[in-house]
$ cat start.txt   # compact mmCIF, C-alpha atoms and all ligand atoms
# COMPACT_ATOMS: atom_id res chain seq x y z
CA ILE A 1 -14.88 -21.60 -14.40
CA ASP A 2 -17.29 -24.32 -13.29
CA PRO A 3 -19.46 -22.63 -10.63
CA ARG A 4 -19.47 -25.88 -8.61
CA LEU A 5 -15.72 -25.63 -8.08
CA ASP A 6 -14.71 -24.83 -4.48
CA LEU A 7 -12.22 -22.07 -5.26
CA PHE A 8 -10.95 -21.87 -1.67
CA ALA A 9 -10.07 -25.59 -1.69
CA GLU A 10 -8.58 -25.34 -5.20
CA ILE A 11 -6.37 -22.41 -4.22
CA GLU A 12 -5.18 -24.30 -1.11
CA ARG A 13 -4.41 -27.34 -3.31
CA LEU A 14 -2.46 -25.24 -5.83
CA LYS A 15 -0.45 -23.57 -3.07
CA LYS A 16 0.75 -26.97 -1.82
CA GLU A 17 1.27 -28.58 -5.23
CA LYS A 18 3.31 -25.65 -6.55
CA ASN A 19 5.04 -24.58 -3.33
CA ALA A 20 3.45 -21.15 -3.79
CA ILE A 21 2.93 -18.46 -1.17
CA LEU A 22 -0.08 -16.18 -1.42
CA LEU A 23 0.57 -12.63 -0.17
CA ALA A 24 -2.41 -10.25 0.05
CA HIS A 25 -2.79 -6.58 0.87
CA TYR A 26 -5.48 -5.42 3.32
CA TYR A 27 -7.33 -3.69 0.47
CA GLN A 28 -8.09 -6.98 -1.30
CA GLU A 29 -11.64 -8.35 -1.24
CA PRO A 30 -12.47 -10.35 1.92
CA ASP A 31 -12.43 -13.78 0.19
CA ILE A 32 -8.87 -13.19 -1.03
CA GLN A 33 -7.74 -12.03 2.42
CA ASP A 34 -9.25 -15.17 3.94
CA VAL A 35 -7.37 -17.55 1.63
CA ALA A 36 -3.99 -15.73 1.86
CA ASP A 37 -0.94 -17.06 3.71
CA TYR A 38 -0.04 -13.57 4.79
CA ILE A 39 -2.07 -10.34 4.83
CA GLY A 40 -0.27 -7.09 5.44
CA ASP A 41 0.61 -3.53 4.59
CA SER A 42 3.21 -2.61 1.97
CA LEU A 43 6.14 -2.97 4.39
CA GLY A 44 4.99 -6.32 5.79
CA LEU A 45 4.42 -7.64 2.28
CA ALA A 46 7.88 -6.55 1.09
CA GLN A 47 9.46 -8.15 4.18
CA GLN A 48 7.59 -11.41 3.55
CA ALA A 49 8.62 -11.36 -0.11
CA ALA A 50 12.26 -10.83 0.95
CA LYS A 51 12.34 -13.89 3.19
CA THR A 52 10.11 -16.50 1.53
CA ASP A 53 11.53 -19.80 0.30
CA ALA A 54 8.48 -20.60 -1.85
CA ASP A 55 9.05 -21.23 -5.57
CA ILE A 56 6.15 -19.03 -6.64
CA ILE A 57 4.95 -15.76 -5.09
CA VAL A 58 1.30 -15.03 -5.88
CA PHE A 59 0.70 -11.38 -5.17
CA ALA A 60 -2.85 -10.29 -4.46
CA GLY A 61 -2.24 -6.58 -4.56
CA VAL A 62 -1.31 -4.03 -7.22
CA HIS A 63 1.45 -3.98 -9.81
CA PHE A 64 4.08 -1.99 -7.88
CA MET A 65 3.79 -4.46 -4.98
CA ALA A 66 4.27 -7.54 -7.18
CA GLU A 67 7.08 -5.70 -8.98
CA THR A 68 8.81 -5.09 -5.63
CA ALA A 69 8.53 -8.82 -4.88
CA LYS A 70 10.12 -9.59 -8.26
CA ILE A 71 12.94 -7.07 -7.67
CA LEU A 72 13.71 -8.96 -4.44
CA ASN A 73 13.31 -12.41 -6.05
CA PRO A 74 14.67 -12.45 -9.61
CA ASN A 75 14.74 -16.27 -9.69
CA LYS A 76 11.21 -16.83 -8.45
CA LYS A 77 8.04 -16.70 -10.47
CA VAL A 78 5.90 -13.74 -9.32
CA LEU A 79 2.25 -13.82 -10.37
CA LEU A 80 -0.34 -11.01 -10.22
CA PRO A 81 -3.97 -12.08 -10.88
CA ASP A 82 -4.64 -9.01 -13.06
CA LEU A 83 -1.70 -7.14 -14.65
CA LYS A 84 -3.94 -4.08 -15.08
CA ALA A 85 -4.11 -3.65 -11.29
CA GLY A 86 -2.12 -0.40 -11.26
CA CYS A 87 -2.05 2.53 -8.85
CA SER A 88 -3.02 6.18 -9.38
CA LEU A 89 -0.18 7.26 -7.11
CA ALA A 90 2.43 5.30 -9.07
CA ASP A 91 0.90 6.66 -12.32
CA SER A 92 1.21 10.22 -11.02
CA ALA A 93 5.02 10.02 -11.31
CA PRO A 94 6.20 9.19 -14.86
CA ALA A 95 9.94 8.46 -14.77
CA ASP A 96 10.97 10.91 -17.54
CA LEU A 97 9.22 13.86 -15.86
CA PHE A 98 10.57 12.87 -12.48
CA ALA A 99 14.14 12.71 -13.84
CA HIS A 100 13.78 16.37 -15.03
CA PHE A 101 12.35 17.36 -11.65
CA LYS A 102 15.20 15.65 -9.79
CA ALA A 103 17.79 17.43 -11.99
CA LYS A 104 16.43 20.79 -10.76
CA TYR A 105 17.48 19.96 -7.18
CA PRO A 106 21.19 19.08 -7.20
CA GLY A 107 22.54 17.85 -3.86
CA HIS A 108 19.18 16.41 -2.83
CA ILE A 109 18.70 12.74 -2.06
CA VAL A 110 15.47 11.06 -3.15
CA ILE A 111 13.23 9.19 -0.72
CA SER A 112 10.38 7.51 -2.58
CA TYR A 113 7.23 5.97 -1.23
CA ILE A 114 7.04 2.31 -2.28
CA ASN A 115 3.89 3.16 -4.31
CA CYS A 116 5.90 3.96 -7.44
CA THR A 117 7.24 2.18 -10.51
CA ALA A 118 10.56 0.33 -10.68
CA GLU A 119 11.87 3.20 -12.87
CA ILE A 120 11.19 5.72 -10.07
CA LYS A 121 12.74 3.37 -7.53
CA ALA A 122 15.85 3.24 -9.73
CA LEU A 123 16.04 7.07 -9.50
CA SER A 124 15.73 6.96 -5.70
CA ASP A 125 18.19 6.61 -2.81
CA ILE A 126 15.87 5.05 -0.24
CA ILE A 127 12.34 3.62 -0.43
CA CYS A 128 9.86 3.97 2.42
CA THR A 129 6.32 2.91 3.23
CA SER A 130 3.78 4.67 5.42
CA SER A 131 4.84 2.36 8.31
CA ASN A 132 8.51 3.30 8.33
CA ALA A 133 8.67 6.71 6.58
CA GLU A 134 9.46 8.69 9.75
CA LYS A 135 12.24 6.28 10.72
CA ILE A 136 13.71 6.41 7.21
CA ILE A 137 13.69 10.22 7.16
CA GLU A 138 15.21 10.40 10.64
CA SER A 139 18.04 8.14 9.42
CA VAL A 140 19.12 10.95 7.07
CA PRO A 141 21.23 13.81 8.56
CA LYS A 142 19.10 16.89 9.33
CA ASP A 143 21.08 19.15 6.97
CA GLN A 144 20.73 16.79 3.98
CA PRO A 145 18.15 18.16 1.53
CA ILE A 146 15.54 15.60 0.43
CA ILE A 147 13.10 15.16 -2.45
CA PHE A 148 10.07 13.10 -1.42
CA ALA A 149 7.97 11.38 -4.11
CA PRO A 150 5.34 10.66 -5.27
CA ASP A 151 2.69 11.37 -2.59
CA LYS A 152 2.35 15.06 -1.65
CA ASN A 153 -0.10 14.30 1.19
CA LEU A 154 2.17 11.78 2.89
CA GLY A 155 5.15 14.08 2.17
CA GLY A 156 3.40 17.10 3.71
CA TYR A 157 2.41 15.06 6.75
CA LEU A 158 6.02 13.87 7.16
CA ASN A 159 7.40 17.41 6.78
CA LYS A 160 5.19 18.46 9.70
CA LYS A 161 6.08 15.44 11.83
CA THR A 162 9.84 15.56 11.28
CA GLY A 163 10.30 19.35 10.95
CA ARG A 164 11.99 18.88 7.56
CA ASN A 165 11.33 20.84 4.45
CA MET A 166 11.43 18.06 1.85
CA VAL A 167 10.72 19.05 -1.75
CA LEU A 168 7.49 17.27 -2.70
CA TRP A 169 6.44 15.72 -6.00
CA ASN A 170 2.81 16.58 -6.73
CA GLY A 171 1.23 13.09 -6.71
CA ALA A 172 -1.76 11.68 -4.85
CA CYS A 173 -3.86 8.57 -4.36
CA MET A 174 -7.34 8.78 -5.93
CA VAL A 175 -8.90 6.81 -3.05
CA HIS A 176 -7.51 8.80 -0.14
CA GLU A 177 -8.18 12.19 -1.74
CA ILE A 178 -11.89 11.50 -1.97
CA PHE A 179 -12.89 11.93 1.67
CA SER A 180 -15.03 14.92 2.56
CA LEU A 181 -14.13 16.84 5.71
CA GLU A 182 -17.62 18.34 5.75
CA LYS A 183 -19.30 14.92 5.66
CA ILE A 184 -16.87 13.50 8.22
CA THR A 185 -17.68 16.43 10.53
CA LYS A 186 -21.43 15.75 10.15
CA LEU A 187 -20.85 12.04 10.81
CA LYS A 188 -18.90 12.87 13.98
CA VAL A 189 -21.86 14.90 15.24
CA ARG A 190 -24.08 11.82 14.88
CA HIS A 191 -21.40 9.54 16.40
CA PRO A 192 -19.81 11.75 19.07
CA LYS A 193 -17.87 8.90 20.66
CA ALA A 194 -16.40 7.64 17.38
CA LYS A 195 -12.70 8.18 16.78
CA LEU A 196 -11.48 9.21 13.33
CA ILE A 197 -8.53 7.11 12.15
CA ALA A 198 -6.87 8.02 8.86
CA HIS A 199 -4.18 6.90 6.46
CA PRO A 200 -1.46 9.55 5.82
CA GLU A 201 -2.30 9.51 2.09
CA CYS A 202 -5.42 11.55 3.05
CA GLU A 203 -5.46 15.32 2.59
CA ASP A 204 -4.10 17.55 5.35
CA ALA A 205 -7.59 18.84 6.32
CA VAL A 206 -8.67 15.27 7.19
CA LEU A 207 -5.38 14.40 8.92
CA GLN A 208 -5.64 17.51 11.10
CA VAL A 209 -8.90 16.33 12.69
CA ALA A 210 -7.91 12.64 12.93
CA ASP A 211 -7.45 11.01 16.35
CA PHE A 212 -4.85 8.65 14.90
CA VAL A 213 -2.87 8.58 11.64
CA GLY A 214 -1.06 5.47 10.41
CA SER A 215 -0.42 2.83 7.77
CA THR A 216 -3.03 0.11 7.28
CA THR A 217 -1.32 -2.20 9.80
CA GLN A 218 -0.98 0.64 12.30
CA LEU A 219 -4.67 1.58 11.87
CA LEU A 220 -5.67 -2.04 12.43
CA LYS A 221 -3.53 -2.38 15.57
CA TYR A 222 -4.82 0.91 16.95
CA ALA A 223 -8.46 -0.02 16.33
CA ILE A 224 -8.02 -3.36 18.12
CA GLN A 225 -6.03 -2.10 21.11
CA ASP A 226 -7.75 1.26 21.70
CA SER A 227 -10.63 1.49 24.18
CA ALA A 228 -13.22 3.25 21.97
CA GLU A 229 -16.17 1.27 20.61
CA GLU A 230 -16.68 3.17 17.33
CA TYR A 231 -14.33 4.32 14.58
CA ILE A 232 -14.68 6.33 11.39
CA VAL A 233 -12.09 4.83 9.05
CA ALA A 234 -10.52 7.12 6.42
CA THR A 235 -8.83 4.63 4.14
CA GLU A 236 -9.78 1.96 1.60
CA THR A 237 -12.71 -0.22 2.76
CA GLY A 238 -10.83 -3.55 2.48
CA ILE A 239 -9.21 -2.96 5.88
CA LEU A 240 -12.64 -3.06 7.56
CA HIS A 241 -12.74 -6.82 7.00
CA GLN A 242 -9.79 -7.48 9.35
CA MET A 243 -10.92 -4.79 11.81
CA GLN A 244 -14.33 -6.43 12.09
CA LYS A 245 -12.79 -9.91 12.35
CA ASP A 246 -10.32 -8.89 15.07
CA ALA A 247 -12.73 -6.69 17.03
CA PRO A 248 -16.23 -8.07 16.30
CA HIS A 249 -17.90 -6.09 19.10
CA LYS A 250 -16.70 -2.72 17.73
CA THR A 251 -18.30 -0.59 15.01
CA PHE A 252 -16.28 0.55 12.01
CA ILE A 253 -17.78 3.19 9.73
CA PRO A 254 -16.14 3.95 6.36
CA ALA A 255 -15.38 7.69 6.10
CA PRO A 256 -17.78 9.29 3.59
CA PRO A 257 -16.53 10.33 0.14
CA ASN A 258 -17.17 13.85 -1.19
CA ASN A 259 -19.77 12.78 -3.72
CA SER A 260 -22.45 10.16 -3.40
CA CYS A 261 -21.50 8.44 -6.70
CA ALA A 262 -17.96 7.84 -5.41
CA CYS A 263 -16.82 5.05 -3.13
CA ASN A 264 -13.76 4.29 -1.00
CA ASP A 265 -12.83 1.13 -2.89
CA CYS A 266 -9.56 1.19 -4.82
CA PRO A 267 -10.57 0.27 -8.39
CA HIS A 268 -7.09 -1.13 -9.00
CA MET A 269 -6.96 -3.35 -5.91
CA LYS A 270 -10.46 -4.57 -6.60
CA LEU A 271 -9.55 -5.77 -10.12
CA ASN A 272 -8.26 -8.94 -8.45
CA THR A 273 -10.99 -11.50 -7.80
CA LEU A 274 -11.00 -15.01 -6.34
CA GLU A 275 -11.67 -16.39 -9.86
CA LYS A 276 -8.71 -14.54 -11.39
CA LEU A 277 -6.56 -15.63 -8.46
CA TYR A 278 -7.44 -19.30 -9.04
CA LEU A 279 -6.81 -19.04 -12.80
CA CYS A 280 -3.47 -17.29 -12.33
CA MET A 281 -2.31 -20.01 -9.94
CA GLU A 282 -3.56 -22.82 -12.15
CA TYR A 283 -1.95 -21.50 -15.37
CA GLU A 284 0.95 -19.54 -13.77
CA THR A 285 0.13 -16.37 -15.66
CA PRO A 286 0.16 -13.33 -15.75
CA GLU A 287 3.72 -13.17 -14.58
CA ILE A 288 5.83 -10.13 -13.63
CA THR A 289 8.98 -9.89 -15.76
CA MET A 290 11.62 -7.22 -15.65
CA ASP A 291 14.81 -5.97 -17.23
CA GLU A 292 17.84 -7.04 -15.13
CA THR A 293 19.62 -3.63 -15.25
CA LEU A 294 16.47 -1.89 -14.06
CA ARG A 295 15.91 -4.54 -11.39
CA LYS A 296 19.40 -4.10 -9.94
CA ALA A 297 19.05 -0.30 -9.86
CA ALA A 298 15.63 -0.54 -8.17
CA LEU A 299 16.87 -3.13 -5.66
CA LYS A 300 19.44 -0.83 -3.98
CA PRO A 301 16.98 1.67 -2.40
CA ILE A 302 14.64 -1.19 -1.38
CA GLU A 303 17.52 -2.95 0.38
CA ARG A 304 18.39 0.27 2.20
CA MET A 305 14.78 0.48 3.39
CA LEU A 306 14.77 -3.13 4.59
CA GLU A 307 18.05 -2.61 6.46
CA ILE A 308 16.80 0.53 8.24
CA SER A 309 13.43 -1.09 9.07
CA ARG A 310 14.90 -4.23 10.58
P1 LIG A 401 0.00 0.65 3.37
O1 LIG A 401 -0.73 -0.65 3.34
O2 LIG A 401 1.46 0.45 3.36
O3 LIG A 401 -0.49 1.49 4.49
O4 LIG A 401 -0.32 1.40 1.99
C1 LIG A 401 -1.59 1.81 1.65
C2 LIG A 401 -1.82 1.83 0.20
O5 LIG A 401 -2.40 2.72 -0.35
C3 LIG A 401 -1.35 0.70 -0.57
O6 LIG A 401 -1.64 0.89 -1.88
FE1 LIG A 402 -2.66 3.16 -5.31
FE2 LIG A 402 -4.35 4.45 -3.75
FE3 LIG A 402 -5.09 2.13 -4.81
FE4 LIG A 402 -3.21 2.20 -2.88
S1 LIG A 402 -5.34 2.75 -2.67
S2 LIG A 402 -3.15 1.05 -4.81
S3 LIG A 402 -2.19 4.15 -3.34
S4 LIG A 402 -4.63 4.02 -5.94
$ encode --input "start.txt" --output "structure tokens" --more "lines below"
Ligand code: 13P
Ligand code: SF4
Amino acid sequence: IDPRLDLFAEIERLKKEKNAILLAHYYQEPDIQDVADYIGDSLGLAQQAAKTDADIIVFAGVHFMAETAKILNPNKKVLLPDLKAGCSLADSAPADLFAHFKAKYPGHIVISYINCTAEIKALSDIICTSSNAEKIIESVPKDQPIIFAPDKNLGGYLNKKTGRNMVLWNGACMVHEIFSLEKITKLKVRHPKAKLIAHPECEDAVLQVADFVGSTTQLLKYAIQDSAEEYIVATETGILHQMQKDAPHKTFIPAPPNNSCACNDCPHMKLNTLEKLYLCMEYETPEITMDETLRKAALKPIERMLEISR
């Protein structure tokens, strides 16, 4: 790419010329968030994808998110700047192993976190995100046994919150498992007025000491509306961009990882760059494609989620 090209202007031009909408997750790099038409958490992004009348959906996020947009829009072109932008949580639940697991629990319904493949969605009864998981679980009768997949941390947190005893698949997110309770405790000593806010994909030990637990959108809203001046943020660092933009006078400190070589950036989310975004819009590739039988099977539990979350 010619370095003199104004990529922001080019992306704006391509959006208009192609009637394309650019949806970005909060974990995308700041430049991508700034050029997006809509920035949101997984639920907000799925809701936007369900209602758009654009011809092309450009998804600045990871594969399962773009795949969800395609499931909802079989006749639209859905582009993902880098097809390798996967997700450790989605990878932690291979469909064949999950099908065996599910067969061991007859009579159970399956609630799956949206961070999973289309194949897992097709094996599920209802999808949820971290924003609506409690509401989705509460919509199921108390005596109905449930399997929750693939995130054991979110599942454990929800079991505590709802008083259920859902059977949990043993999956986790590589980014949210990295935080060190010991280092967070030390940081709190140096910042006694700081509040700890955490995503429910974090381990139980971190969630237990958090002042607030929520999805990325919920963390953002809390940080803006709450009266504290300082926050330790236990989630991917991309969200700090919007927090700092919306509350410039406040201080946001990324929660420390357990080893100094590690960082809180999601390596999958960060595969997307402004350059790749421009190229994918210019050449309309890489595109998400999917088998129609699989798409229809995966659509049902997503539609149930959208109905309950309305
Ligand atoms: P939410 O944005 O829905 O909170 O999900 C977080 C996440 O890990 C997305 O990959
Ligand atoms: Fe997956 Fe975790 Fe990255 Fe989200 S932050 S895309 S759950 S690996």
$ closest_residue --input "start.txt" --among "A:Val35, A:Val62, A:Met166, A:Leu72" --to "ligand LIG 401 (chain A)" --atoms "all atoms listed in the file"
A:Val62
$ residues_around --input "start.txt" --residues "Ala85 of chain A" --least-positions-apart "6" --cutoff "12 Å" --atoms "all atoms listed in the file" --output "PyMOL selection string"
chain A and resi 28+59-67+91+266-273+276+286
$ residues_around --input "start.txt" --residues "segment 113-122 of chain A" --least-positions-apart "6" --cutoff "8 Å" --atoms "all atoms listed in the file" --output "list in words"
Ser42, Phe64, Met65, Glu67, Thr68, Cys87, Leu89, Ala90, Asp91, Ala93, Pro94, Ala95, Phe98, Cys128, Thr129, Ser130, Ala133, Phe148, Ala149, Pro150, Asp151, Leu294, Arg295, Ala297, Ala298, Leu299, Lys300, Pro301 and Ile302 of chain A
$ atom_distance --input "start.txt" --atom1 "atom CA of Glu292 of chain A" --atom2 "atom CA of Val78 of chain A"
14.9 Å
$ atom_distance --input "start.txt" --atom1 "atom CA of Ile57 of chain A" --atom2 "atom CA of Gln218 of chain A"
24.6 Å
$ residues_around --input "start.txt" --residues "Asp34 of chain A" --least-positions-apart "5" --cutoff "10 Å" --atoms "only C-alpha atoms" --output "VMD selection string"
chain A and resid 8 24 28 to 29 39 241 to 242
$ axis_aligned_box --input "start.txt" --around "ligand LIG 401 (chain A)" --padding-each-side "8 Å" --output "lines of an AutoDock Vina configuration file"
center_x = -0.5
center_y = 1.0
center_z = 1.3
size_x = 19.9
size_y = 19.4
size_z = 22.4
$ residues_near_ligand --input "start.txt" --ligand "ligand LIG 401 (chain A)" --cutoff "7 Å" --atoms "all atoms listed in the file" --output "list in words"
His25, Tyr26, Gly40, Asp41, Ser42, Leu43, Asn115, Thr129, Ser130, Ser131, His199, Ser215, Thr216 and Thr217 of chain A
$ atom_distance --input "start.txt" --atom1 "atom CA of Glu229 of chain A" --atom2 "atom CA of Lys245 of chain A"
14.3 Å
$ closest_residue --input "start.txt" --among "A:Gly214, A:Pro200, A:Gly86, A:Gly238" --to "ligand LIG 402 (chain A)" --atoms "all atoms listed in the file"
A:Gly86
$ decode --input "start.txt" --residues "segment 3-38 of chain A" --atoms "N, CA and C atoms" --output "CSV table (one decimal), in the first residue's frame"
chain,number,residue,atom,x,y,z
A,3,PRO,N,2.3,4.4,1.1
A,3,PRO,CA,2.2,5.0,2.5
A,3,PRO,C,1.6,6.4,2.5
A,4,ARG,N,1.5,7.0,1.3
A,4,ARG,CA,0.9,8.4,1.3
A,4,ARG,C,-0.7,8.3,1.2
A,5,LEU,N,-1.2,7.1,1.1
A,5,LEU,CA,-2.7,7.0,1.0
A,5,LEU,C,-3.3,7.3,2.4
A,6,ASP,N,-4.3,8.1,2.4
A,6,ASP,CA,-5.1,8.3,3.7
A,6,ASP,C,-6.1,7.2,3.8
A,7,LEU,N,-5.7,6.2,4.6
A,7,LEU,CA,-6.6,5.0,4.8
A,7,LEU,C,-7.9,5.3,5.4
A,8,PHE,N,-8.0,6.3,6.3
A,8,PHE,CA,-9.3,6.7,6.9
A,8,PHE,C,-10.2,7.2,5.8
A,9,ALA,N,-9.7,8.1,5.0
A,9,ALA,CA,-10.5,8.6,3.9
A,9,ALA,C,-10.9,7.5,2.9
A,10,GLU,N,-10.0,6.7,2.6
A,10,GLU,CA,-10.2,5.6,1.6
A,10,GLU,C,-11.3,4.7,2.1
A,11,ILE,N,-11.2,4.3,3.4
A,11,ILE,CA,-12.2,3.4,4.0
A,11,ILE,C,-13.6,4.1,4.0
A,12,GLU,N,-13.6,5.4,4.3
A,12,GLU,CA,-14.9,6.1,4.2
A,12,GLU,C,-15.5,6.1,2.8
A,13,ARG,N,-14.6,6.3,1.8
A,13,ARG,CA,-15.0,6.3,0.4
A,13,ARG,C,-15.6,4.9,0.0
A,14,LEU,N,-14.9,3.9,0.4
A,14,LEU,CA,-15.3,2.5,0.0
A,14,LEU,C,-16.7,2.2,0.7
A,15,LYS,N,-16.8,2.6,1.9
A,15,LYS,CA,-18.1,2.4,2.6
A,15,LYS,C,-19.3,2.9,1.8
A,16,LYS,N,-19.1,4.2,1.3
A,16,LYS,CA,-20.2,4.8,0.6
A,16,LYS,C,-20.4,4.2,-0.8
A,17,GLU,N,-19.3,4.0,-1.5
A,17,GLU,CA,-19.3,3.4,-2.9
A,17,GLU,C,-20.0,2.1,-2.9
A,18,LYS,N,-19.7,1.3,-1.9
A,18,LYS,CA,-20.1,-0.1,-1.9
A,18,LYS,C,-21.3,-0.4,-1.0
A,19,ASN,N,-21.9,0.6,-0.4
A,19,ASN,CA,-23.0,0.5,0.6
A,19,ASN,C,-22.6,-0.6,1.6
A,20,ALA,N,-21.4,-0.3,2.2
A,20,ALA,CA,-20.9,-1.3,3.2
A,20,ALA,C,-21.0,-0.7,4.6
A,21,ILE,N,-21.3,-1.6,5.6
A,21,ILE,CA,-21.3,-1.1,7.0
A,21,ILE,C,-20.1,-1.8,7.6
A,22,LEU,N,-19.4,-0.9,8.5
A,22,LEU,CA,-18.2,-1.5,9.2
A,22,LEU,C,-18.5,-1.6,10.6
A,23,LEU,N,-18.6,-2.9,11.1
A,23,LEU,CA,-18.9,-3.2,12.5
A,23,LEU,C,-17.6,-3.6,13.2
A,24,ALA,N,-17.3,-3.0,14.3
A,24,ALA,CA,-16.0,-3.3,15.0
A,24,ALA,C,-16.3,-3.6,16.5
A,25,HIS,N,-15.5,-4.6,17.0
A,25,HIS,CA,-15.6,-5.0,18.4
A,25,HIS,C,-14.6,-4.0,19.2
A,26,TYR,N,-14.9,-3.9,20.5
A,26,TYR,CA,-14.1,-3.0,21.3
A,26,TYR,C,-12.7,-3.4,21.5
A,27,TYR,N,-12.4,-4.7,21.1
A,27,TYR,CA,-11.0,-5.1,21.3
A,27,TYR,C,-10.1,-4.8,20.0
A,28,GLN,N,-10.7,-4.2,19.0
A,28,GLN,CA,-10.0,-3.8,17.8
A,28,GLN,C,-9.0,-2.7,18.1
A,29,GLU,N,-8.0,-2.5,17.3
A,29,GLU,CA,-7.0,-1.4,17.5
A,29,GLU,C,-7.8,-0.1,17.4
A,30,PRO,N,-7.3,1.0,18.1
A,30,PRO,CA,-8.0,2.3,18.2
A,30,PRO,C,-8.3,2.8,16.8
A,31,ASP,N,-7.4,2.8,15.8
A,31,ASP,CA,-7.7,3.3,14.5
A,31,ASP,C,-8.9,2.7,13.9
A,32,ILE,N,-9.1,1.4,14.0
A,32,ILE,CA,-10.2,0.6,13.4
A,32,ILE,C,-11.5,1.1,14.2
A,33,GLN,N,-11.4,1.2,15.5
A,33,GLN,CA,-12.6,1.6,16.2
A,33,GLN,C,-13.1,3.0,15.7
A,34,ASP,N,-12.1,3.9,15.5
A,34,ASP,CA,-12.4,5.3,15.1
A,34,ASP,C,-13.0,5.4,13.7
A,35,VAL,N,-12.8,4.4,12.8
A,35,VAL,CA,-13.3,4.5,11.5
A,35,VAL,C,-14.6,3.6,11.3
A,36,ALA,N,-15.0,2.9,12.4
A,36,ALA,CA,-16.2,2.0,12.3
A,36,ALA,C,-17.5,2.8,12.3
A,37,ASP,N,-18.5,2.2,11.8
A,37,ASP,CA,-19.9,2.8,11.8
A,37,ASP,C,-20.5,2.4,13.2
A,38,TYR,N,-20.1,1.3,13.7
A,38,TYR,CA,-20.7,0.8,15.0
A,38,TYR,C,-19.6,0.1,15.7
